[in-house]
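Participant: Sharing protein04.txt (compact mmCIF, C-alpha atoms) below.
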```
# COMPACT_ATOMS: atom_id res chain seq x y z
CA MET T 1 14.87 19.69 -15.04
CA GLN T 2 12.52 18.79 -17.85
CA SER T 3 9.83 21.32 -17.14
CA ASP T 4 7.61 20.19 -20.01
CA LEU T 5 7.87 16.50 -19.41
CA VAL T 6 4.67 14.53 -18.96
CA VAL T 7 5.07 11.04 -17.54
CA ILE T 8 2.27 8.59 -18.21
CA VAL T 9 2.16 5.86 -15.59
CA ILE T 10 0.51 2.61 -16.58
CA PRO T 11 0.47 -0.04 -13.85
CA ALA T 12 0.28 -3.46 -15.42
CA TYR T 13 -0.17 -6.97 -14.12
CA ASN T 14 -0.31 -9.71 -16.76
CA GLU T 15 -1.28 -7.28 -19.52
CA ALA T 16 0.99 -8.58 -22.30
CA GLU T 17 -2.02 -8.90 -24.60
CA THR T 18 -3.51 -5.45 -24.13
CA LEU T 19 -0.35 -3.31 -24.09
CA PRO T 20 0.59 -3.71 -27.79
CA THR T 21 -2.81 -2.22 -28.68
CA LEU T 22 -3.00 0.39 -25.95
CA LEU T 23 0.49 1.90 -26.05
CA PRO T 24 0.44 3.05 -29.71
CA ARG T 25 -2.92 4.74 -29.04
CA VAL T 26 -1.46 6.55 -26.05
CA ARG T 27 1.62 7.50 -28.05
CA GLU T 28 -0.57 8.86 -30.83
CA VAL T 29 -2.38 11.19 -28.43
CA LEU T 30 0.69 12.29 -26.45
CA PRO T 31 3.70 11.79 -28.74
CA HIS T 32 6.17 13.65 -26.52
CA ALA T 33 5.21 12.10 -23.21
CA GLU T 34 7.30 9.48 -21.50
CA ILE T 35 5.30 6.28 -21.06
CA LEU T 36 6.24 4.26 -18.01
CA VAL T 37 4.74 0.81 -17.66
CA VAL T 38 5.10 -0.48 -14.12
CA ASP T 39 5.18 -4.25 -14.44
CA ASP T 40 3.87 -5.41 -11.09
CA GLY T 41 5.54 -8.81 -10.98
CA SER T 42 3.62 -10.20 -13.96
CA ALA T 43 3.83 -13.88 -14.79
CA ASP T 44 3.49 -13.21 -18.54
CA GLU T 45 5.53 -11.14 -21.00
CA THR T 46 4.14 -7.77 -19.89
CA ALA T 47 7.56 -6.12 -19.57
CA ASP T 48 8.73 -7.32 -23.02
CA ALA T 49 5.45 -6.28 -24.64
CA ALA T 50 5.75 -2.81 -23.10
CA ARG T 51 9.38 -2.41 -24.20
CA ALA T 52 8.55 -3.61 -27.69
CA ALA T 53 5.86 -0.93 -27.89
CA GLY T 54 8.39 1.73 -26.95
CA ALA T 55 7.57 2.22 -23.27
CA ILE T 56 10.00 2.52 -20.41
CA VAL T 57 9.54 -0.33 -17.97
CA ALA T 58 9.89 -0.38 -14.20
CA SER T 59 9.64 -3.97 -13.05
CA HIS T 60 8.65 -4.95 -9.56
CA PRO T 61 10.51 -8.16 -8.68
CA ILE T 62 7.36 -9.31 -6.88
CA ASN T 63 3.67 -8.49 -7.11
CA LEU T 64 3.04 -5.55 -4.78
CA GLY T 65 -0.43 -4.40 -5.72
CA TYR T 66 -2.06 -1.72 -7.85
CA GLY T 67 -1.43 1.11 -5.38
CA ALA T 68 2.24 0.25 -5.01
CA ALA T 69 2.60 0.13 -8.80
CA ILE T 70 1.24 3.63 -9.34
CA GLN T 71 3.30 4.87 -6.41
CA THR T 72 6.39 3.54 -8.19
CA GLY T 73 5.26 5.61 -11.15
CA TYR T 74 5.05 8.75 -8.99
CA ILE T 75 8.57 8.14 -7.66
CA TYR T 76 9.81 7.75 -11.22
CA GLY T 77 7.97 10.85 -12.42
CA LEU T 78 9.42 12.94 -9.59
CA ALA T 79 12.90 11.62 -10.30
CA ARG T 80 12.48 12.67 -13.93
CA GLY T 81 11.32 16.13 -12.91
CA ALA T 82 8.00 15.75 -14.70
CA LYS T 83 5.64 18.72 -14.71
CA ALA T 84 2.64 16.38 -14.84
CA ILE T 85 2.02 12.74 -14.12
CA LEU T 86 -0.87 10.99 -15.75
CA GLN T 87 -2.02 7.58 -14.62
CA MET T 88 -4.22 5.22 -16.55
CA ASP T 89 -5.06 1.53 -16.51
CA ALA T 90 -3.37 -1.01 -18.76
CA ASP T 91 -6.52 -2.93 -19.66
CA GLY T 92 -7.71 -0.43 -22.23
CA GLN T 93 -10.59 0.72 -20.03
CA HIS T 94 -9.50 4.36 -20.25
CA GLU T 95 -9.76 6.20 -23.56
CA PRO T 96 -6.34 7.77 -24.25
CA ARG T 97 -7.88 10.78 -26.01
CA SER T 98 -9.47 11.83 -22.71
CA ALA T 99 -5.97 12.27 -21.28
CA LEU T 100 -5.77 15.64 -23.01
CA ARG T 101 -8.73 16.91 -20.99
CA LEU T 102 -7.09 15.80 -17.76
CA LEU T 103 -3.81 17.48 -18.64
CA SER T 104 -5.36 20.76 -19.74
CA GLU T 105 -7.29 20.94 -16.45
CA LEU T 106 -4.04 20.36 -14.59
CA GLU T 107 -2.44 23.08 -16.68
CA ALA T 108 -5.28 25.38 -15.64
CA GLY T 109 -4.14 25.17 -12.04
CA ALA T 110 -5.56 22.03 -10.48
CA ASP T 111 -3.35 19.82 -8.32
CA LEU T 112 -5.24 16.61 -8.94
CA VAL T 113 -7.63 15.97 -11.81
CA LEU T 114 -9.94 12.97 -11.68
CA GLY T 115 -11.30 11.49 -14.85
CA SER T 116 -14.96 10.89 -14.17
CA ARG T 117 -16.99 8.38 -16.11
CA PHE T 118 -20.22 9.81 -14.69
CA LEU T 119 -19.96 13.54 -15.43
CA SER T 120 -22.14 14.75 -18.26
CA GLY T 121 -20.23 14.56 -21.49
CA ALA T 122 -18.69 11.22 -20.61
CA ARG T 123 -19.65 8.07 -22.49
CA THR T 124 -22.24 5.99 -20.65
CA TYR T 125 -20.56 3.56 -18.33
CA ARG T 126 -22.52 0.82 -16.63
CA ALA T 127 -20.77 -0.87 -13.76
CA PRO T 128 -22.14 -4.02 -12.13
CA PHE T 129 -24.81 -3.35 -9.47
CA ALA T 130 -22.65 -4.02 -6.37
CA ARG T 131 -19.90 -1.84 -7.74
CA ARG T 132 -22.37 0.92 -8.55
CA VAL T 133 -23.65 0.90 -4.98
CA GLY T 134 -20.10 1.10 -3.63
CA MET T 135 -19.24 3.96 -5.99
CA ARG T 136 -22.36 5.92 -4.98
CA LEU T 137 -21.64 5.38 -1.30
CA PHE T 138 -18.06 6.61 -1.50
CA SER T 139 -19.03 9.37 -3.86
CA ALA T 140 -21.51 10.64 -1.26
CA ILE T 141 -19.04 10.25 1.63
CA SER T 142 -16.14 11.99 -0.14
CA GLY T 143 -18.43 14.73 -1.50
CA THR T 144 -19.79 15.44 1.98
CA ILE T 145 -16.37 15.53 3.63
CA LEU T 146 -14.73 17.60 0.90
CA GLY T 147 -17.69 19.93 0.57
CA ARG T 148 -18.02 19.59 -3.20
CA PRO T 149 -19.44 16.93 -5.48
CA VAL T 150 -17.20 14.02 -6.38
CA THR T 151 -18.88 11.85 -8.99
CA ASP T 152 -16.18 9.22 -9.46
CA PRO T 153 -13.94 8.79 -6.41
CA THR T 154 -12.74 5.34 -7.49
CA THR T 155 -11.38 6.37 -10.88
CA GLY T 156 -7.89 5.25 -11.82
CA PHE T 157 -7.68 7.79 -14.66
CA GLN T 158 -6.02 10.82 -13.08
CA ALA T 159 -3.54 13.61 -13.69
CA LEU T 160 -1.33 14.79 -10.83
CA SER T 161 0.86 17.80 -10.22
CA PRO T 162 4.37 17.09 -8.87
CA ALA T 163 3.21 18.35 -5.46
CA VAL T 164 0.47 15.73 -5.22
CA ALA T 165 2.80 13.07 -6.59
CA ARG T 166 5.30 13.91 -3.86
CA PHE T 167 2.53 13.85 -1.25
CA TYR T 168 1.62 10.35 -2.43
CA ALA T 169 5.19 9.12 -2.89
CA ASP T 170 6.39 10.31 0.51
CA GLY T 171 3.32 9.48 2.54
CA ASN T 172 3.26 6.21 4.40
CA PHE T 173 -0.53 6.43 4.20
CA PHE T 174 -0.61 5.50 0.52
CA PRO T 175 -2.10 2.00 0.36
CA PRO T 176 -0.35 -0.65 -1.72
CA ASP T 177 -3.64 -2.24 -2.75
CA PHE T 178 -6.53 0.10 -3.59
CA PRO T 179 -5.94 3.84 -3.23
CA ASP T 180 -9.44 5.25 -3.64
CA ALA T 181 -11.84 7.50 -1.76
CA ASP T 182 -9.71 7.49 1.40
CA VAL T 183 -6.67 8.86 -0.44
CA LEU T 184 -8.83 11.35 -2.30
CA ILE T 185 -10.31 12.65 0.96
CA ARG T 186 -6.85 12.93 2.41
CA VAL T 187 -5.50 14.91 -0.52
CA GLY T 188 -8.54 17.21 -0.41
CA LEU T 189 -8.23 17.79 3.34
CA ALA T 190 -4.51 18.50 2.88
CA GLY T 191 -5.49 21.57 0.88
CA PHE T 192 -4.80 20.43 -2.68
CA ARG T 193 -7.15 21.57 -5.41
CA VAL T 194 -9.04 18.54 -6.70
CA THR T 195 -11.22 18.75 -9.80
CA GLU T 196 -13.04 16.36 -12.08
CA VAL T 197 -13.39 16.26 -15.84
CA PRO T 198 -15.50 13.91 -17.94
CA VAL T 199 -13.59 11.06 -19.56
CA ASP T 200 -14.55 8.15 -21.75
CA MET T 201 -14.24 4.83 -20.07
CA TYR T 202 -15.11 1.37 -21.31
CA GLU T 203 -16.41 -1.54 -19.33
CA LYS T 204 -13.91 -4.24 -18.53
CA ASP T 205 -14.11 -7.70 -20.01
CA GLY T 206 -11.75 -9.46 -17.62
CA PRO T 207 -11.97 -9.87 -13.85
CA SER T 208 -11.86 -6.66 -11.81
CA ILE T 209 -9.29 -6.06 -9.07
CA HIS T 210 -12.38 -5.84 -6.87
CA SER T 211 -13.67 -9.30 -7.78
CA GLY T 212 -14.42 -12.25 -5.48
CA ALA T 213 -14.62 -11.46 -1.76
CA LYS T 214 -12.59 -8.31 -2.22
CA PRO T 215 -15.52 -5.87 -2.37
CA ILE T 216 -16.45 -6.66 1.24
CA TYR T 217 -12.86 -6.17 2.35
CA TYR T 218 -12.65 -3.03 0.24
CA VAL T 219 -15.79 -1.42 1.67
CA LEU T 220 -14.73 -2.26 5.24
CA LYS T 221 -11.24 -0.92 4.66
CA MET T 222 -12.52 2.31 3.12
CA LEU T 223 -14.99 2.94 5.94
CA VAL T 224 -12.45 2.27 8.71
CA THR T 225 -9.75 4.33 6.96
CA ILE T 226 -12.07 7.27 6.37
CA VAL T 227 -13.31 7.28 9.97
CA LEU T 228 -9.72 7.15 11.26
CA LEU T 229 -8.73 9.87 8.83
CA LEU T 230 -11.38 12.18 10.27
CA THR T 231 -9.97 11.72 13.76
CA LEU T 232 -6.52 12.93 12.67
CA PRO T 233 -5.55 16.49 13.62
CA ARG T 234 -5.47 18.84 10.62
CA ARG T 235 -1.75 19.52 10.97
CA ARG T 236 -1.04 15.83 10.31
CA LEU T 237 -3.02 15.97 7.10
CA SER T 238 -1.19 18.89 5.55
CA ALA T 239 1.18 18.37 2.69
CA MET B 240 -1.89 -28.83 41.65
CA THR B 241 -0.33 -32.25 42.33
CA LEU B 242 3.43 -32.66 42.49
CA GLU B 243 3.35 -34.57 39.20
CA ALA B 244 1.49 -31.75 37.48
CA ARG B 245 3.96 -29.17 38.82
CA LEU B 246 6.89 -31.29 37.67
CA PHE B 247 5.30 -31.63 34.25
CA VAL B 248 4.77 -27.84 33.91
CA ALA B 249 8.33 -27.11 35.12
CA LEU B 250 9.79 -29.62 32.63
CA LEU B 251 7.70 -28.16 29.86
CA GLY B 252 8.98 -24.69 30.74
CA MET B 253 12.59 -25.88 30.80
CA LEU B 254 12.23 -27.67 27.49
CA PHE B 255 10.75 -24.57 25.91
CA LEU B 256 13.52 -22.39 27.39
CA LEU B 257 16.10 -24.77 25.97
CA ILE B 258 14.55 -24.58 22.49
CA VAL B 259 14.52 -20.77 22.62
CA LEU B 260 18.14 -20.62 23.78
CA ARG B 261 19.25 -23.05 21.08
CA SER B 262 17.51 -20.95 18.43
CA LEU B 263 19.27 -17.91 19.82
CA ARG B 264 22.66 -19.61 19.84
CA SER B 265 22.34 -20.74 16.24
CA HIS B 266 21.17 -17.23 15.20
CA ARG B 267 17.87 -18.53 13.94
CA MET B 268 16.17 -16.01 16.20
CA GLN B 269 17.16 -12.48 17.10
CA PHE B 270 17.49 -11.60 20.77
CA GLU B 271 14.80 -8.95 20.41
CA TYR B 272 12.21 -11.62 19.59
CA SER B 273 13.48 -14.24 21.99
CA LEU B 274 13.12 -12.10 25.10
CA VAL B 275 9.40 -12.54 25.51
CA TRP B 276 9.65 -16.31 24.97
CA ILE B 277 12.41 -16.57 27.57
CA CYS B 278 10.20 -14.65 30.01
CA LEU B 279 7.24 -16.88 29.24
CA SER B 280 9.19 -20.08 29.86
CA LEU B 281 10.58 -18.62 33.11
CA VAL B 282 7.03 -17.81 34.21
CA LEU B 283 6.07 -21.44 33.52
CA ILE B 284 8.98 -22.74 35.59
CA LEU B 285 8.51 -20.27 38.46
CA ALA B 286 4.75 -20.85 38.62
CA ALA B 287 5.39 -24.59 38.99
CA VAL B 288 8.16 -24.21 41.58
CA PHE B 289 6.55 -21.47 43.66
CA GLN B 290 3.02 -22.74 43.44
CA LYS B 291 1.84 -21.13 46.68
CA THR B 292 2.93 -17.69 45.52
CA ALA B 293 1.18 -18.26 42.20
CA ASP B 294 -1.98 -19.31 44.07
CA ARG B 295 -1.80 -16.19 46.24
CA ILE B 296 -1.48 -13.93 43.20
CA ALA B 297 -4.48 -15.67 41.58
CA LYS B 298 -6.58 -15.14 44.74
CA TRP B 299 -5.37 -11.55 44.94
CA VAL B 300 -6.74 -10.77 41.46
CA GLY B 301 -9.99 -12.53 42.36
CA ILE B 302 -9.59 -15.82 40.50
CA ASP B 303 -10.49 -18.78 42.71
CA TYR B 304 -9.08 -21.45 40.46
CA PRO B 305 -5.30 -20.78 40.15
CA PRO B 306 -4.72 -22.78 36.92
CA ALA B 307 -7.29 -20.55 35.20
CA PHE B 308 -5.24 -17.54 36.21
CA PHE B 309 -2.14 -19.23 34.87
CA PHE B 310 -3.79 -19.90 31.50
CA LEU B 311 -5.12 -16.37 31.36
CA VAL B 312 -1.62 -14.94 31.79
CA CYS B 313 -0.21 -17.25 29.12
CA PHE B 314 -3.05 -16.38 26.73
CA PHE B 315 -2.50 -12.66 27.27
CA VAL B 316 1.25 -12.94 26.64
CA VAL B 317 0.63 -14.86 23.42
CA LEU B 318 -1.95 -12.25 22.36
CA VAL B 319 0.56 -9.44 22.90
CA MET B 320 3.16 -11.42 20.99
CA LEU B 321 0.82 -11.90 18.03
CA PHE B 322 0.00 -8.22 18.02
CA GLN B 323 3.70 -7.36 18.02
CA ILE B 324 4.30 -9.77 15.16
CA SER B 325 1.47 -8.12 13.17
CA LEU B 326 3.07 -4.72 13.74
CA ARG B 327 6.45 -6.03 12.73
CA LEU B 328 4.99 -7.70 9.66
CA SER B 329 3.43 -4.40 8.56
CA VAL B 330 6.77 -2.61 8.91
CA LEU B 331 8.59 -5.34 7.01
CA SER B 332 5.96 -5.38 4.22
CA ASP B 333 6.37 -1.64 3.87
CA ARG B 334 10.15 -1.93 3.69
CA ILE B 335 10.01 -4.73 1.12
CA ARG B 336 7.60 -2.66 -0.96
CA ARG B 337 9.91 0.37 -0.86
CA LEU B 338 12.90 -1.76 -1.73
CA ALA B 339 11.13 -3.31 -4.70
CA GLN B 340 9.87 0.08 -5.86
CA GLU B 341 13.29 1.68 -5.72
CA THR B 342 14.86 -1.26 -7.52
CA ALA B 343 12.22 -0.91 -10.24
CA VAL B 344 12.70 2.86 -10.55
CA ALA B 345 16.49 2.50 -10.61
CA GLY B 346 16.19 -0.01 -13.45
CA ALA B 347 13.83 2.24 -15.39
CA LEU B 348 16.06 5.27 -14.96
CA GLN B 349 19.07 3.26 -16.02
CA SER B 350 17.30 2.16 -19.18
CA VAL B 351 16.39 5.78 -19.98
CA ARG B 352 20.01 6.82 -19.51
CA GLY B 353 21.23 3.85 -21.50
CA GLU B 354 19.03 4.82 -24.41
CA GLY B 355 20.46 8.34 -24.19
CA GLY B 356 16.86 9.39 -24.59
CA GLN B 357 15.30 12.77 -24.10
CA ASP B 358 17.20 13.30 -20.91
CA GLY B 359 20.07 10.91 -21.11
CA GLN B 360 22.66 12.86 -19.18
CA SER B 361 20.55 14.64 -16.65
CA GLY B 362 18.55 11.63 -15.54
CA ALA B 363 17.91 11.05 -11.90
CA ARG B 364 19.73 8.62 -9.70
CA VAL B 365 18.54 6.48 -6.87
CA GLU B 366 20.38 7.06 -3.66
CA SER B 367 21.26 3.83 -1.96
CA GLY B 368 19.57 3.70 1.40
CA THR B 369 16.73 6.03 0.52
CA THR B 370 14.04 5.60 3.07
CA PRO B 371 10.27 5.67 2.70
CA ASP B 372 10.39 9.31 3.74
CA ALA B 373 13.13 10.19 1.33
CA PRO B 374 12.17 8.98 -2.10
CA VAL B 375 14.23 9.10 -5.22
CA GLU B 376 15.62 12.55 -5.90
CA SER B 377 16.56 14.03 -9.21
CA GLU B 378 20.10 15.32 -9.61
CA ASP B 379 18.96 18.20 -11.68
CA ARG B 380 16.18 19.40 -9.42
```
Would you mind writing the file out in structure tokens?
Facilitator:
Amino acid sequence: MQSDLVVIVIPAYNEAETLPTLLPRVREVLPHAEILVVDDGSADETADAARAAGAIVASHPINLGYGAAIQTGYIYGLARGAKAILQMDADGQHEPRSALRLLSELEAGADLVLGSRFLSGARTYRAPFARRVGMRLFSAISGTILGRPVTDPTTGFQALSPAVARFYADGNFFPPDFPDADVLIRVGLAGFRVTEVPVDMYEKDGPSIHSGAKPIYYVLKMLVTIVLLLTLPRRRLSA
Amino acid sequence: MTLEARLFVALLGMLFLLIVLRSLRSHRMQFEYSLVWICLSLVLILAAVFQKTADRIAKWVGIDYPPAFFFLVCFFVVLVMLFQISLRLSVLSDRIRRLAQETAVAGALQSVRGEGGQDGQSGARVESGTTPDAPVESEDR
């Protein structure tokens, strides 16, 4: 068992252009961590670019979705006996230096650390209006249910303990598309300690995974899932 | 219903039954999925042959126009079938996802071992046949 191993999970879909820039920056901040790029059935040279930059690559033979890609990362991290799993996006949106904050909070005893772009101390992040409304809505819902403020429930910049990674990897509830506020509420209700730290995040240039008609689907899905989640007996929520 | 209409419905039912049985014989369809289609075609045939009984059942459930009852039954069966297919599709999607994930993890672990990296010898293995509830386990855990 590698008790000190940190596995960094980077789900990537057609990110051959961004990875050569991102991976050295990540490596610079966490030189001893294992970087796993989960190539989610990319049509470009994502896997080769990741390998060339020194990352380990797990390639999905088909495109499965963002959620499935990070879940693959959790399975890998557990198999490697990692003491911490850190997930971040491949598009360069997440500042690698902020990873240290996430990991030290995890070290301090949290089970799941969310990197918030809205906590004081974080660089100003301006999302498009519709997205901002969605974020506020789910922030309010998850904060109310969990009984503590959650400023950024949709963040993809997170650090997980092996227990939470196992909870996600084993659970058939983990969505293959967008694991967001619903999963966060579930993990909170299951009794895991969830905290937030400020992180630096940059606005995306390319299309979001929530572009097109997806936001409507996403909001509907979140609302239905959260309502159904609240009807589940507590014993079925526990880890 | 006129005799011609009954004959037409019965023939339609028989033709459909024949198609289902042929698909079954050539293993293009599993028995599990064919059962409901066999039942549906039998209902078509029986409703045409025993029209009076079908009419009586329609009256009994309060539908004055027997063909409407007949269509309602068919519609309901098709609805149930579609629902079942949606359920099945969800299960299959989940299995395909797990399969792809485990293939990906196995490949990644193999590459780590191949490199003889930080943990070359003690790397984890992927059990063949691991299920969604039993993900990849590390040998050295």
Participant: Counting only C-alpha atoms, I want the residues whose atoms come within 6 Å of (-12.6, 7.1, -7.5) in the file frame, returned as JSON, numbers by chain.
Facilitator: {"T": [152, 153, 154, 155, 180, 181]}
Participant: Hey, can you check how far atom CA of Ala43 of chain T sits from atom CA of Met222 of chain T?
Facilitator: 29.2 Å
Participant: Counting all atoms listed in the file, which of B:Phe310, B:Ile284, B:Val319, B:Gly252 gets nearest to Ala297 of chain B?
Facilitator: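 Closest to Ala297 of chain B, using all atoms listed in the file: B:Phe310.
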Participant: Any idea which chain T residues end up within 7 Å of chain B if we count all atoms listed in the file, as a list of chain:residue names please?
Facilitator: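 Matching residues, ligands excluded from the count: T:Met1, T:Ile56, T:Val57, T:Ala58, T:Ser59, T:His60, T:Pro61, T:Leu64, T:Thr72, T:Ile75, T:Tyr76, T:Ala79, T:Arg80, T:Gly81, T:Asp170.
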Participant: Between T:Thr151, T:Thr195, T:Asn14, T:Ser142, which has the minimum distance to Leu229 of chain T (counting all atoms listed in the file)?
Facilitator: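 Distance minimum relative to Leu229 of chain T lands on T:Ser142.
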Participant: One decimal, Å: what's the distance from atom CA of Met135 of chain T over to atom CA of Thr18 of chain T, could you say?
Facilitator: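 Distance between the two atoms: 25.8 Å.
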Participant: Have a look at B:Leu321, B:Val282, B:Ala293, B:Leu257 and name the one nearest to Pro306 of chain B; count only C-alpha atoms.
Facilitator: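 When distances to Pro306 of chain B are compared using only C-alpha atoms, the smallest one comes from B:Ala293.
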Participant: One decimal, in Å: what's the spacing between atom CA of Ile35 of chain T and atom CA of Val6 of chain T?
Facilitator: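 Computing the Euclidean distance for atom CA of Ile35 of chain T and atom CA of Val6 of chain T yields 8.5 Å.
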Participant: Would you please work out which residue, of B:Thr292, B:Leu331, B:Ala286, B:Val317, is nearest to Phe247 of chain B when using all atoms listed in the file?
Facilitator: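 Residue with the minimum atom-to-atom distance to Phe247 of chain B: B:Ala286.
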Participant: Give me, as a PyMOL selection string, all polymer residues having an atom no more than 7 Å from segment 24-27 of chain T, counting all atoms listed in the file and skipping those fewer than 4 positions away in the same chain.
Facilitator: chain T and resi 31+53+96
Participant: Write the residues of the preceding selection, restricted to C-alpha atoms, as a PDB file, in the frame of the given file.
Facilitator:
```pdb
ATOM      1  CA  PRO T  31       3.700  11.790 -28.740  1.00  0.00           C
ATOM      2  CA  ALA T  53       5.860  -0.930 -27.890  1.00  0.00           C
ATOM      3  CA  PRO T  96      -6.340   7.770 -24.250  1.00  0.00           C
TER       4      PRO T  96
END
```
Participant: What's around Val316 of chain B at 10 Å? Count all atoms listed in the file, leave out sequence neighbours fewer than 5 positions away in its own chain, and write the answer as a ChimeraX atom specification.
Facilitator: /B:275-276,278-279,310-311,321-322
Participant: Excluding Ala163 of chain T and residues on its chain fewer than 6 positions from it, collect all residues at most 10 Å away from it, counting only C-alpha atoms, and give them as a ChimeraX atom specification.
Facilitator: /T:78,83-84,111-112,169,192,239
Participant: With C-alpha atoms retained, write the just-selected residues as a PDB file, in the coordinates of the input.
Facilitator:
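Output (part.pdb):
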```
ATOM      1  CA  LEU T  78       9.420  12.940  -9.590  1.00  0.00           C
ATOM      2  CA  LYS T  83       5.640  18.720 -14.710  1.00  0.00           C
ATOM      3  CA  ALA T  84       2.640  16.380 -14.840  1.00  0.00           C
ATOM      4  CA  ASP T 111      -3.350  19.820  -8.320  1.00  0.00           C
ATOM      5  CA  LEU T 112      -5.240  16.610  -8.940  1.00  0.00           C
ATOM      6  CA  ALA T 169       5.190   9.120  -2.890  1.00  0.00           C
ATOM      7  CA  PHE T 192      -4.800  20.430  -2.680  1.00  0.00           C
ATOM      8  CA  ALA T 239       1.180  18.370   2.690  1.00  0.00           C
TER       9      ALA T 239
END
```
Participant: Just the residues within 7 Å of Asp40 of chain T, please, counting all atoms listed in the file, with nothing from its chain fewer than 5 positions along; format it as a list in words.
Facilitator: Pro11, Ala12, Tyr13, Ser59, His60, Ile62, Asn63, Leu64, Gly65 and Ala69 of chain T
Participant: My structure is short of atoms at segment 148-153 of chain T; please model all heavy atoms there, returning them as a JSON list (two decimals), keeping the file's coordinate frame.
Facilitator:
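Saved result, result06.json, follows:
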```json
[["chain", "number", "residue", "atom", "x", "y", "z"],
["T", 148, "ARG", "N", -17.71, 19.36, -1.79],
["T", 148, "ARG", "CA", -18.02, 19.59, -3.20],
["T", 148, "ARG", "C", -18.30, 18.23, -3.85],
["T", 148, "ARG", "O", -17.82, 17.21, -3.37],
["T", 148, "ARG", "CB", -16.87, 20.31, -3.90],
["T", 148, "ARG", "CG", -15.56, 19.57, -3.82],
["T", 148, "ARG", "CD", -14.47, 20.30, -4.59],
["T", 148, "ARG", "NE", -13.18, 19.69, -4.31],
["T", 148, "ARG", "CZ", -12.41, 20.00, -3.29],
["T", 148, "ARG", "NH1", -12.78, 20.92, -2.42],
["T", 148, "ARG", "NH2", -11.24, 19.40, -3.11],
["T", 149, "PRO", "N", -19.08, 18.24, -4.91],
["T", 149, "PRO", "CA", -19.44, 16.93, -5.48],
["T", 149, "PRO", "C", -18.24, 16.18, -6.06],
["T", 149, "PRO", "O", -17.37, 16.78, -6.69],
["T", 149, "PRO", "CB", -20.44, 17.29, -6.59],
["T", 149, "PRO", "CG", -20.45, 18.76, -6.71],
["T", 149, "PRO", "CD", -19.66, 19.37, -5.62],
["T", 150, "VAL", "N", -18.21, 14.91, -5.77],
["T", 150, "VAL", "CA", -17.20, 14.02, -6.38],
["T", 150, "VAL", "C", -17.99, 12.89, -7.01],
["T", 150, "VAL", "O", -18.60, 12.09, -6.31],
["T", 150, "VAL", "CB", -16.22, 13.46, -5.32],
["T", 150, "VAL", "CG1", -15.20, 12.54, -5.97],
["T", 150, "VAL", "CG2", -15.51, 14.59, -4.58],
["T", 151, "THR", "N", -18.01, 12.85, -8.34],
["T", 151, "THR", "CA", -18.88, 11.85, -8.99],
["T", 151, "THR", "C", -18.21, 10.49, -9.15],
["T", 151, "THR", "O", -18.87, 9.48, -9.23],
["T", 151, "THR", "CB", -19.31, 12.35, -10.39],
["T", 151, "THR", "OG1", -18.14, 12.51, -11.19],
["T", 151, "THR", "CG2", -20.06, 13.66, -10.31],
["T", 152, "ASP", "N", -16.87, 10.49, -9.19],
["T", 152, "ASP", "CA", -16.18, 9.22, -9.46],
["T", 152, "ASP", "C", -14.92, 9.08, -8.60],
["T", 152, "ASP", "O", -13.79, 9.19, -9.10],
["T", 152, "ASP", "CB", -15.82, 9.16, -10.95],
["T", 152, "ASP", "CG", -15.45, 7.76, -11.40],
["T", 152, "ASP", "OD1", -15.41, 6.86, -10.52],
["T", 152, "ASP", "OD2", -15.22, 7.56, -12.59],
["T", 153, "PRO", "N", -15.12, 8.82, -7.29],
["T", 153, "PRO", "CA", -13.94, 8.79, -6.41],
["T", 153, "PRO", "C", -13.05, 7.57, -6.62],
["T", 153, "PRO", "O", -11.92, 7.53, -6.14],
["T", 153, "PRO", "CB", -14.56, 8.77, -5.01],
["T", 153, "PRO", "CG", -15.90, 8.17, -5.19],
["T", 153, "PRO", "CD", -16.37, 8.55, -6.57]]
```
